[in-house]
file target35.cif (mmCIF, C-alpha atoms and all ligand atoms)
data_model
#
loop_
_atom_site.label_atom_id
_atom_site.label_comp_id
_atom_site.auth_asym_id
_atom_site.auth_seq_id
_atom_site.Cartn_x
_atom_site.Cartn_y
_atom_site.Cartn_z
CA MET A 1 -20.21 3.27 -14.90
CA SER A 2 -17.74 0.59 -15.77
CA SER A 3 -17.14 0.23 -19.46
CA LEU A 4 -15.44 -3.12 -18.92
CA GLN A 5 -16.85 -5.99 -20.90
CA ARG A 6 -16.82 -9.63 -19.74
CA ILE A 7 -15.55 -12.17 -22.23
CA ALA A 8 -15.06 -15.92 -22.01
CA TRP A 9 -11.39 -16.93 -21.88
CA ARG A 10 -10.31 -20.56 -21.83
CA PRO A 11 -6.69 -20.89 -22.91
CA GLN A 12 -5.34 -24.45 -22.52
CA LEU A 13 -3.12 -23.48 -19.61
CA PRO A 14 -3.17 -23.98 -15.83
CA VAL A 15 -4.47 -20.89 -14.01
CA ALA A 16 -1.05 -20.01 -12.53
CA ASP A 17 0.45 -20.02 -16.03
CA ARG A 18 -2.32 -17.76 -17.33
CA LEU A 19 -1.42 -15.29 -14.62
CA ARG A 20 2.30 -15.53 -15.37
CA ARG A 21 1.70 -15.00 -19.06
CA LEU A 22 -0.55 -11.99 -18.50
CA VAL A 23 2.23 -10.47 -16.39
CA ALA A 24 4.70 -11.32 -19.18
CA LEU A 25 2.36 -9.73 -21.73
CA ALA A 26 2.54 -6.45 -19.79
CA LEU A 27 6.25 -6.53 -18.97
CA THR A 28 7.58 -7.60 -22.37
CA SER A 29 5.82 -4.61 -23.93
CA GLY A 30 6.90 -2.09 -21.25
CA ARG A 31 3.44 -1.70 -19.72
CA PRO A 32 2.30 -1.42 -16.09
CA VAL A 33 0.76 -4.35 -14.25
CA ALA A 34 -0.73 -4.59 -10.74
CA LEU A 35 -1.55 -7.75 -8.81
CA TRP A 36 -3.31 -7.72 -5.46
CA ARG A 37 -5.07 -9.96 -2.98
CA LEU A 38 -7.66 -8.36 -0.71
CA PRO A 39 -7.57 -9.14 3.03
CA GLY A 40 -9.35 -12.43 3.70
CA ALA A 41 -9.80 -13.24 -0.01
CA GLN A 42 -8.76 -16.58 -1.49
CA HIS A 43 -7.55 -15.39 -4.88
CA PRO A 44 -5.56 -12.52 -6.35
CA ARG A 45 -6.59 -10.15 -9.13
CA LEU A 46 -4.66 -8.50 -11.93
CA CYS A 47 -4.99 -5.15 -13.75
CA LEU A 48 -3.09 -4.43 -16.95
CA SER A 49 -2.98 -1.07 -18.75
CA LEU A 50 -2.31 -0.80 -22.45
CA LYS A 51 -1.52 2.94 -22.50
CA VAL A 52 1.50 3.87 -20.42
CA ASP A 53 0.91 7.64 -20.73
CA ALA A 54 -2.61 7.39 -19.36
CA ALA A 55 -1.18 6.29 -16.02
CA TYR A 56 0.37 9.65 -14.99
CA VAL A 57 -2.03 11.76 -12.94
CA GLY A 58 -1.94 14.58 -10.40
CA LEU A 59 -4.52 14.45 -7.65
CA PRO A 60 -5.40 11.31 -5.71
CA PRO A 61 -8.08 9.47 -7.68
CA ALA A 62 -11.81 10.10 -7.45
CA LEU A 63 -13.59 7.21 -5.73
CA GLU A 64 -17.13 7.76 -6.99
CA SER A 65 -18.80 5.13 -9.14
CA THR A 66 -18.53 7.50 -12.13
CA ALA A 67 -14.69 7.50 -11.88
CA PRO A 68 -12.58 5.32 -14.19
CA ALA A 69 -11.86 1.73 -13.19
CA GLY A 70 -8.23 1.06 -12.42
CA PHE A 71 -5.47 0.71 -9.85
CA ALA A 72 -3.97 3.66 -7.94
CA PHE A 73 -0.29 3.75 -7.00
CA PHE A 74 0.69 6.95 -5.20
CA PRO A 75 4.01 7.99 -3.63
CA PHE A 76 4.46 9.26 -0.09
CA ARG A 77 5.17 12.67 -1.57
CA ASP A 78 4.62 13.80 -5.19
CA SER A 79 7.74 14.56 -7.16
CA ASP A 80 9.13 14.19 -10.66
CA HIS A 81 11.02 11.14 -9.41
CA ASN A 82 7.96 9.46 -7.95
CA PRO A 83 4.95 10.32 -10.07
CA PRO A 84 1.44 9.64 -8.77
CA LEU A 85 -0.10 6.95 -10.97
CA PHE A 86 -3.50 5.55 -11.79
CA PHE A 87 -3.42 2.57 -14.12
CA PRO A 88 -6.65 2.49 -16.12
CA ALA A 89 -7.88 -1.11 -16.39
CA ASP A 90 -7.68 -2.46 -19.94
CA LEU A 91 -7.51 -6.10 -18.88
CA PHE A 92 -8.80 -7.40 -15.55
CA PHE A 93 -8.29 -11.00 -14.50
CA ASP A 94 -9.68 -12.48 -11.27
CA LEU A 95 -8.18 -15.84 -10.34
CA ALA A 96 -11.48 -16.70 -8.62
CA ARG A 97 -13.06 -16.63 -12.12
CA PRO A 98 -10.28 -17.88 -14.39
CA GLU A 99 -12.59 -18.71 -17.30
CA GLU A 100 -13.29 -15.06 -18.07
CA ILE A 101 -11.52 -11.78 -18.46
CA LEU A 102 -12.80 -8.20 -18.38
CA VAL A 103 -11.65 -5.86 -21.13
CA SER A 104 -11.95 -2.13 -21.85
CA PRO A 105 -13.29 -0.93 -25.23
CA SER A 106 -9.74 -0.30 -26.51
CA ALA A 107 -8.58 -3.78 -25.41
CA ALA A 108 -11.72 -5.29 -26.96
CA ALA A 109 -10.81 -3.67 -30.28
CA ARG A 110 -7.35 -5.27 -30.11
CA LEU A 111 -8.36 -8.72 -28.90
CA PRO A 112 -7.14 -10.75 -31.89
CA GLU A 113 -3.68 -9.16 -31.65
CA LEU A 114 -3.57 -9.56 -27.84
CA ARG A 115 -4.63 -13.22 -28.05
CA GLN A 116 -1.95 -13.87 -30.63
CA ARG A 117 0.78 -12.22 -28.55
CA PHE A 118 -0.43 -14.08 -25.46
CA ALA A 119 -0.27 -17.43 -27.24
CA ALA A 120 3.22 -16.73 -28.59
CA LEU A 121 4.73 -15.92 -25.16
CA PRO A 122 6.99 -18.58 -23.71
CA THR A 123 5.79 -19.63 -20.22
CA ALA A 124 9.02 -20.44 -18.46
CA THR A 125 11.17 -17.37 -19.13
CA GLU A 126 12.39 -14.94 -16.53
CA LEU A 127 10.09 -11.93 -16.35
CA PRO A 128 11.53 -8.49 -17.26
CA TRP A 129 10.26 -6.60 -14.20
CA HIS A 130 10.41 -2.81 -14.41
CA VAL A 131 13.38 -1.28 -12.59
CA SER A 132 13.29 2.20 -11.05
CA GLN A 133 15.82 4.66 -12.50
CA GLN A 134 16.21 6.33 -9.09
CA PRO A 135 19.40 5.82 -7.08
CA ILE A 136 19.30 3.13 -4.41
CA PRO A 137 18.82 4.83 -1.01
CA THR A 138 21.73 4.78 1.41
CA PRO A 139 20.68 2.65 4.40
CA ALA A 140 20.94 4.28 7.82
CA SER A 141 23.19 2.54 10.34
CA GLN A 142 21.76 1.91 13.81
CA ALA A 143 23.64 4.98 15.12
CA GLN A 144 22.32 7.16 12.27
CA TYR A 145 18.75 5.99 12.78
CA GLU A 146 18.96 6.56 16.52
CA ALA A 147 20.28 10.07 15.84
CA LEU A 148 17.26 10.68 13.57
CA VAL A 149 14.93 9.51 16.36
CA ALA A 150 16.74 11.77 18.84
CA ALA A 151 16.32 14.72 16.42
CA GLY A 152 12.60 13.85 16.15
CA VAL A 153 12.23 13.81 19.95
CA ASP A 154 14.02 17.20 20.09
CA ALA A 155 11.62 18.62 17.50
CA ILE A 156 8.73 17.41 19.66
CA ALA A 157 10.30 18.81 22.84
CA SER A 158 10.79 22.21 21.18
CA GLY A 159 7.16 22.26 20.01
CA THR A 160 7.89 22.17 16.25
CA VAL A 161 5.83 18.99 15.97
CA GLN A 162 3.76 16.82 18.31
CA LYS A 163 4.45 13.56 16.51
CA VAL A 164 6.62 12.50 13.58
CA VAL A 165 7.09 9.09 11.95
CA SER A 166 10.73 8.46 11.10
CA SER A 167 11.72 5.65 8.76
CA ARG A 168 14.65 3.97 7.05
CA ALA A 169 15.51 1.77 4.08
CA VAL A 170 17.56 -1.42 4.13
CA ARG A 171 19.28 -3.26 1.26
CA ARG A 172 19.10 -7.06 1.11
CA GLN A 173 20.60 -9.42 -1.42
CA LEU A 174 17.94 -11.41 -3.30
CA PRO A 175 18.14 -15.16 -2.76
CA SER A 176 19.30 -17.20 -5.75
CA ASN A 177 16.34 -18.17 -7.98
CA PHE A 178 14.15 -15.46 -6.45
CA ASP A 179 10.85 -15.25 -8.30
CA ALA A 180 8.61 -12.24 -7.63
CA LEU A 181 5.40 -14.13 -8.46
CA GLU A 182 6.32 -16.93 -6.06
CA ALA A 183 7.18 -14.31 -3.43
CA PHE A 184 3.75 -12.71 -4.00
CA GLU A 185 2.19 -16.14 -3.49
CA GLU A 186 4.16 -16.69 -0.29
CA LEU A 187 3.08 -13.29 1.08
CA GLN A 188 -0.56 -14.28 0.47
CA GLU A 189 -0.10 -17.51 2.42
CA ARG A 190 1.79 -15.91 5.28
CA TYR A 191 -0.53 -12.93 5.73
CA PRO A 192 -4.15 -13.90 4.99
CA ASN A 193 -5.48 -10.68 6.55
CA ALA A 194 -3.16 -8.25 4.80
CA PHE A 195 -3.60 -6.46 1.49
CA VAL A 196 -0.89 -8.17 -0.56
CA SER A 197 0.38 -6.47 -3.70
CA LEU A 198 2.90 -6.70 -6.52
CA VAL A 199 3.06 -3.63 -8.75
CA SER A 200 5.46 -3.09 -11.65
CA ALA A 201 5.42 0.01 -13.83
CA PRO A 202 7.74 2.11 -15.98
CA GLY A 203 9.30 4.93 -13.92
CA VAL A 204 8.28 3.26 -10.67
CA GLY A 205 10.04 -0.08 -10.66
CA THR A 206 8.59 -3.12 -8.91
CA TRP A 207 7.08 -3.14 -5.43
CA LEU A 208 5.90 -6.03 -3.25
CA GLY A 209 4.10 -5.70 0.07
CA ALA A 210 1.65 -6.96 2.68
CA THR A 211 0.03 -4.01 4.45
CA PRO A 212 -2.40 -4.04 7.39
CA GLU A 213 -3.59 -0.42 6.99
CA VAL A 214 -6.70 0.81 5.17
CA LEU A 215 -6.43 4.42 4.01
CA ALA A 216 -9.87 4.83 2.39
CA GLU A 217 -12.45 2.25 1.38
CA ILE A 218 -15.92 2.36 -0.09
CA THR A 219 -17.42 -1.08 0.40
CA GLU A 220 -20.23 -2.96 -1.43
CA ASP A 221 -22.75 -1.87 1.22
CA HIS A 222 -22.06 1.88 0.54
CA VAL A 223 -20.00 2.44 3.65
CA PHE A 224 -16.93 4.67 3.69
CA ARG A 225 -14.25 3.26 5.98
CA THR A 226 -10.89 4.38 7.25
CA MET A 227 -8.77 3.51 10.28
CA ALA A 228 -6.22 4.86 12.69
CA LEU A 229 -3.45 2.27 12.97
CA ALA A 230 -0.55 3.17 15.24
CA GLY A 231 1.11 1.73 18.31
CA THR A 232 3.15 -1.44 17.97
CA GLN A 233 4.42 -4.33 20.07
CA PRO A 234 5.69 -7.80 19.16
CA LEU A 235 3.20 -10.67 19.27
CA LEU A 236 5.06 -12.77 21.83
CA PRO A 237 4.11 -16.45 22.37
CA ASN A 238 2.16 -15.88 25.60
CA LEU A 239 0.32 -12.79 24.32
CA THR A 240 -3.09 -12.48 22.65
CA PRO A 241 -4.85 -9.32 21.41
CA ALA A 242 -7.16 -9.62 24.43
CA THR A 243 -4.33 -9.70 26.98
CA ALA A 244 -2.01 -7.09 25.46
CA ALA A 245 -1.33 -4.06 27.63
CA TRP A 246 -0.21 -0.81 26.03
CA ALA A 247 2.32 1.78 27.12
CA HIS A 248 1.26 5.40 27.48
CA LYS A 249 3.53 6.23 24.50
CA ASP A 250 1.61 3.88 22.17
CA LEU A 251 -1.77 5.11 23.35
CA GLU A 252 -0.74 8.71 22.74
CA GLU A 253 0.79 7.94 19.37
CA HIS A 254 -2.42 6.20 18.37
CA ALA A 255 -4.72 8.90 19.73
CA MET A 256 -3.03 11.51 17.54
CA VAL A 257 -3.90 9.56 14.40
CA ALA A 258 -7.50 9.02 15.53
CA ARG A 259 -7.86 12.75 16.35
CA TYR A 260 -6.49 13.67 12.94
CA ILE A 261 -9.15 11.53 11.23
CA VAL A 262 -11.89 13.12 13.34
CA ASN A 263 -10.53 16.53 12.29
CA CYS A 264 -10.74 15.55 8.62
CA PHE A 265 -14.45 14.72 9.12
CA LYS A 266 -14.84 18.06 10.93
CA GLN A 267 -13.27 19.98 8.06
CA LEU A 268 -15.96 18.52 5.82
CA ARG A 269 -18.58 19.32 8.51
CA LEU A 270 -19.59 15.70 8.74
CA ARG A 271 -20.78 14.60 12.16
CA GLU A 272 -22.43 11.27 11.37
CA TYR A 273 -19.43 8.96 11.62
CA ASP A 274 -19.16 5.79 13.63
CA GLU A 275 -15.93 5.39 15.67
CA ARG A 276 -14.93 2.01 17.19
CA GLY A 277 -11.80 1.43 19.18
CA PRO A 278 -9.02 1.49 19.91
CA ARG A 279 -8.64 -2.29 19.97
CA THR A 280 -5.66 -4.56 19.55
CA VAL A 281 -5.20 -6.28 16.19
CA VAL A 282 -2.67 -8.78 14.86
CA ALA A 283 -0.56 -7.95 11.80
CA GLY A 284 1.89 -10.79 11.09
CA GLN A 285 4.18 -11.05 14.13
CA LEU A 286 3.08 -7.67 15.48
CA LEU A 287 0.23 -6.20 17.45
CA HIS A 288 -1.17 -2.76 16.65
CA LEU A 289 -3.76 -0.45 18.12
CA ARG A 290 -6.59 0.23 15.68
CA THR A 291 -9.63 2.51 15.65
CA ASP A 292 -12.16 1.98 12.85
CA PHE A 293 -14.25 4.77 11.34
CA ALA A 294 -17.35 4.24 9.18
CA VAL A 295 -19.87 6.49 7.44
CA HIS A 296 -23.04 5.13 5.83
CA LEU A 297 -23.03 6.98 2.54
CA ASP A 298 -26.76 6.50 1.98
CA GLN A 299 -27.48 8.37 5.21
CA VAL A 300 -25.42 11.55 4.65
CA PRO A 301 -25.62 14.29 2.01
CA PHE A 302 -21.96 13.86 0.99
CA PRO A 303 -21.81 12.17 -2.43
CA THR A 304 -18.03 12.76 -2.79
CA LEU A 305 -17.06 11.90 0.79
CA GLY A 306 -14.65 9.12 -0.26
CA THR A 307 -12.69 11.36 -2.62
CA ASP A 308 -12.70 14.32 -0.23
CA MET A 309 -11.53 12.23 2.72
CA LEU A 310 -8.81 10.53 0.67
CA ARG A 311 -7.42 13.92 -0.32
CA LEU A 312 -7.46 15.14 3.28
CA LEU A 313 -6.15 11.95 4.86
CA HIS A 314 -2.97 11.25 2.91
CA PRO A 315 -0.39 11.21 4.42
CA THR A 316 -1.92 10.43 7.82
CA PRO A 317 0.05 10.83 11.07
CA ALA A 318 0.54 7.02 10.98
CA VAL A 319 3.24 7.71 8.36
CA GLY A 320 3.85 11.51 8.48
CA GLY A 321 3.10 13.38 11.67
CA VAL A 322 1.21 16.17 13.48
CA PRO A 323 0.90 18.96 12.51
CA LYS A 324 1.19 17.61 8.99
CA GLN A 325 3.32 20.19 7.21
CA PRO A 326 5.96 20.77 9.92
CA ALA A 327 6.28 16.98 10.29
CA LEU A 328 6.76 16.54 6.54
CA ASP A 329 9.31 19.38 6.54
CA PHE A 330 11.17 17.66 9.38
CA LEU A 331 11.27 14.40 7.40
CA ARG A 332 12.46 16.13 4.23
CA ARG A 333 15.28 17.78 6.15
CA HIS A 334 16.35 14.93 8.44
CA GLU A 335 15.33 11.55 7.10
CA GLY A 336 18.12 11.46 4.52
CA TYR A 337 16.57 9.23 1.87
CA ASP A 338 13.71 9.11 -0.64
CA ARG A 339 10.71 7.06 0.59
CA ALA A 340 9.41 6.89 -3.00
CA TYR A 341 6.25 4.72 -2.83
CA TYR A 342 6.78 3.47 0.74
CA ALA A 343 4.08 5.10 2.93
CA GLY A 344 2.21 6.14 -0.21
CA PHE A 345 -1.04 4.36 -1.03
CA LEU A 346 -2.32 1.81 -3.49
CA GLY A 347 -5.35 -0.21 -4.49
CA PRO A 348 -8.24 -0.78 -6.90
CA VAL A 349 -10.99 1.74 -7.67
CA ASN A 350 -14.25 0.58 -9.33
CA LEU A 351 -12.40 -2.61 -10.23
CA PRO A 352 -14.17 -4.86 -10.84
CA ASP A 353 -17.24 -3.66 -8.93
CA VAL A 354 -18.48 -0.20 -9.74
CA GLY A 355 -18.88 1.86 -6.56
CA VAL A 356 -16.26 -0.12 -4.61
CA ALA A 357 -12.78 1.28 -3.86
CA ARG A 358 -10.09 -0.14 -1.59
CA LEU A 359 -7.01 1.95 -0.93
CA TYR A 360 -4.29 0.90 1.52
CA VAL A 361 -1.20 2.57 2.94
CA ASN A 362 1.90 1.05 1.31
CA LEU A 363 3.59 -0.37 4.44
CA ARG A 364 5.60 -3.57 5.06
CA CYS A 365 6.84 -3.31 1.48
CA LEU A 366 9.98 -3.67 -0.57
CA GLN A 367 11.24 -2.46 -3.90
CA LEU A 368 12.85 -4.99 -6.23
CA ARG A 369 16.08 -4.27 -8.08
CA PRO A 370 17.87 -6.78 -10.30
CA GLN A 371 20.03 -8.35 -7.54
CA GLU A 372 18.55 -6.93 -4.38
CA ALA A 373 15.52 -5.75 -2.48
CA ILE A 374 15.12 -2.43 -0.70
CA LEU A 375 12.96 -2.81 2.41
CA TYR A 376 11.30 0.06 4.28
CA ALA A 377 10.00 0.57 7.82
CA GLY A 378 9.13 3.43 10.12
CA THR A 379 8.07 4.17 13.67
CA GLY A 380 5.88 6.85 15.19
CA LEU A 381 7.81 9.07 17.60
CA THR A 382 6.48 10.90 20.60
CA ILE A 383 8.19 12.78 23.41
CA ASP A 384 8.69 9.43 25.20
CA SER A 385 10.47 7.66 22.33
CA ASP A 386 13.64 5.74 23.14
CA PRO A 387 16.00 5.61 20.10
CA ALA A 388 17.16 2.01 20.68
CA ARG A 389 13.58 0.76 21.02
CA GLU A 390 12.49 2.58 17.87
CA TRP A 391 15.36 0.93 15.97
CA GLN A 392 14.21 -2.43 17.33
CA GLU A 393 10.65 -1.71 16.19
CA THR A 394 11.83 -1.02 12.63
CA GLU A 395 13.74 -4.34 12.74
CA LEU A 396 10.49 -6.13 13.68
CA LYS A 397 8.50 -4.39 10.97
CA LEU A 398 11.14 -5.26 8.36
CA ARG A 399 10.57 -8.95 9.13
CA THR A 400 7.04 -8.90 7.70
CA VAL A 401 8.04 -8.55 4.06
CA GLY A 402 11.62 -9.68 4.76
CA ALA A 403 10.24 -13.17 5.52
CA ILE A 404 10.13 -13.93 1.79
CA LEU A 405 13.87 -13.33 1.28
CA HIS A 406 15.06 -16.83 2.11
CA GLU A 407 16.89 -19.47 0.06
C1 LIG B 1 5.16 3.36 9.56
C2 LIG B 1 4.84 2.08 9.71
O1 LIG B 1 3.80 1.64 10.49
C3 LIG B 1 2.77 2.54 10.93
C4 LIG B 1 1.55 1.72 11.08
C5 LIG B 1 1.29 1.03 12.25
C6 LIG B 1 2.04 1.27 13.40
C7 LIG B 1 2.98 2.28 13.41
C8 LIG B 1 3.75 2.57 14.65
O2 LIG B 1 3.42 2.00 15.70
O3 LIG B 1 4.73 3.32 14.61
C9 LIG B 1 3.18 3.17 12.24
O4 LIG B 1 2.45 4.34 12.46
C10 LIG B 1 5.60 1.02 9.05
O5 LIG B 1 5.22 -0.15 9.13
O6 LIG B 1 6.62 1.33 8.37
#
call {"tool": "encode", "arguments": {"input": "target35.cif", "output": "structure tokens", "more": "lines below"}}
Ligand SMILES: C=C(O[C@H]1C=CC=C(C(=O)O)[C@@H]1O)C(=O)O
result
Amino acid sequence: MSSLQRIAWRPQLPVADRLRRLVALALTSGRPVALWRLPGAQHPRLCLSLKVDAAYVGLPPALESTAPAGFAFFPFRDSDHNPPLFFPADLFFDLARPEEILVSPSAAARLPELRQRFAALPTATELPWHVSQQPIPTPASQAQYEALVAAGVDAIASGTVQKVVSSRAVRRQLPSNFDALEAFEELQERYPNAFVSLVSAPGVGTWLGATPEVLAEITEDHVFRTMALAGTQPLLPNLTPATAAWAHKDLEEHAMVARYIVNCFKQLRLREYDERGPRTVVAGQLLHLRTDFAVHLDQVPFPTLGTDMLRLLHPTPAVGGVPKQPALDFLRRHEGYDRAYYAGFLGPVNLPDVGVARLYVNLRCLQLRPQEAILYAGTGLTIDSDPAREWQETELKLRTVGAILHE
């Protein structure tokens, strides 16, 4: 049950300024704020939490309709440095319906004060985005990354793992006059089919991204959905999804993710899932192999399937590896930097529609620092991986979110 209440809201301000001021309202008082645009949607949405402490949680969130409404922001791996978060929704603003706002009971009780603070905020100031207190990761040089790939291939050859997804971080200077809200807008325009997000929270910093990968969804029609997304090639001018041919390496890399998902269903003893694929899909300037999985929740006796699958799935072999624990151990030992929220997951739960949850893997993302951005990208390794090609693939993936870092 959502306890959010709909109220009319007609400040004398253009819609974009309302959004900017709501973000300012959160940031100037040290609170978390999440903005997102669903794949294919025309307008973004915003969730603001009034209680910072309420955001820190342990387990991945419950996805049932009885669970609280809010926005999940989970790291690749739990740690004191990268806490798993769920921002309970106190204010929800949908730019498709700019004349209203949804508020929680505690926000409703404070409406006069919130309205006053909102009205007093200057529109044109620079926004005080949250900054992570964690050290900036040391970027891997090409030689270092290729050595990591070679170590991954060795671990596969020796039988320690079957697949592992190595990754790296890159530092880029921010362009002069960089504005995170304008960058969020540009990501929406460039990638209409991605889940585009801008999340800023105390202890977490500020993250921007445009991901193609669903981790766990429960849709309006009561269908649980997830996908295997792995296998990459550039979308070259004379190529279409229909004409793309795939190397054995990509097919194998993809099949391991699909098998892992099937095994998660098996662990829950669920047989009634629909599997479609693999097919070729476009994500920005890249092509991926994708297999879609769906379960009609009204037709199976698994009321908590969404929550159970989420807890089994993360991190999938599209970002970790197979078997899971040895692959994660390999990454901890060899990767040489902290992924933080890259390859974690994020998205709204019961917000605004009760019974609907949309969680995505945090890929093609960057972290904002005062003068620079930290970009992240990884590649799935198999026994056939060539270090130079894997480096090249990370370069291509970095271009997705990197496209917004121009003068
Ligand atoms: C790990 C990333 O992508 C994953 C998703 C799609 C294709 C992938 C691949 O082909 O390696 C990765 O598994 C990333 O973008 O950083």
call {"tool": "closest_residue", "arguments": {"input": "target35.cif", "among": "A:Pro128, A:Pro323, A:Pro301, A:Pro278", "to": "Pro202 of chain A", "atoms": "only C-alpha atoms"}}
result
A:Pro128
call {"tool": "residues_near_ligand", "arguments": {"input": "target35.cif", "ligand": "ligand LIG 1 (chain B)", "cutoff": "9 Å", "atoms": "all atoms listed in the file", "output": "count of residues only"}}
result
44
call {"tool": "closest_residue", "arguments": {"input": "target35.cif", "among": "A:Leu48, A:Ala294, A:Leu346, A:Leu148", "to": "Pro75 of chain A", "atoms": "only C-alpha atoms"}}
result
A:Leu346
call {"tool": "atom_distance", "arguments": {"input": "target35.cif", "atom1": "atom CA of Ser49 of chain A", "atom2": "atom CA of Val131 of chain A"}}
result
17.5 Å
call {"tool": "closest_residue", "arguments": {"input": "target35.cif", "among": "A:Arg110, A:Arg332, A:Arg225, A:Arg276", "to": "Met309 of chain A", "atoms": "only C-alpha atoms"}}
result
A:Arg225
call {"tool": "atom_distance", "arguments": {"input": "target35.cif", "atom1": "atom CA of Thr28 of chain A", "atom2": "atom CA of Pro83 of chain A"}}
result
21.9 Å
call {"tool": "atom_distance", "arguments": {"input": "target35.cif", "atom1": "atom CA of Trp9 of chain A", "atom2": "atom CA of Val354 of chain A"}}
result
21.9 Å
call {"tool": "closest_residue", "arguments": {"input": "target35.cif", "among": "A:Gly70, A:Gly347, A:Pro370, A:Pro192", "to": "Val282 of chain A", "atoms": "only C-alpha atoms"}}
result
A:Pro192
call {"tool": "closest_residue", "arguments": {"input": "target35.cif", "among": "A:Ala283, A:Leu359, A:Leu305, A:Leu235", "to": "Phe74 of chain A", "atoms": "all atoms listed in the file"}}
result
A:Leu359
call {"tool": "residues_around", "arguments": {"input": "target35.cif", "residues": "Val401 of chain A", "least_positions_apart": "6", "cutoff": "8 Å", "atoms": "all atoms listed in the file", "output": "PDB file with C-alpha atoms, keeping the file's coordinate frame"}}
result
ATOM      1  CA  LEU A 187       3.080 -13.290   1.080  1.00  0.00           C
ATOM      2  CA  GLY A 209       4.100  -5.700   0.070  1.00  0.00           C
ATOM      3  CA  ALA A 210       1.650  -6.960   2.680  1.00  0.00           C
ATOM      4  CA  ARG A 364       5.600  -3.570   5.060  1.00  0.00           C
ATOM      5  CA  CYS A 365       6.840  -3.310   1.480  1.00  0.00           C
ATOM      6  CA  LEU A 366       9.980  -3.670  -0.570  1.00  0.00           C
ATOM      7  CA  LEU A 375      12.960  -2.810   2.410  1.00  0.00           C
TER       8      LEU A 375
END
call {"tool": "closest_residue", "arguments": {"input": "target35.cif", "among": "A:Arg369, A:Arg333, A:Arg279, A:Arg190", "to": "Ala403 of chain A", "atoms": "all atoms listed in the file"}}
result
A:Arg190
call {"tool": "residues_near_point", "arguments": {"input": "target35.cif", "point": "(-2.0, -4.2, -2.3)", "cutoff": "6 Å", "atoms": "only C-alpha atoms", "output": "JSON, numbers by chain"}}
result
{"A": [36, 195, 196, 197, 347]}
call {"tool": "residues_near_point", "arguments": {"input": "target35.cif", "point": "(-24.0, 9.0, 12.5)", "cutoff": "10 Å", "atoms": "only C-alpha atoms", "output": "list in words"}}
result
Leu270, Arg271, Glu272, Tyr273, Asp274, Glu275, Ala294, Val295, His296, Gln299 and Val300 of chain A
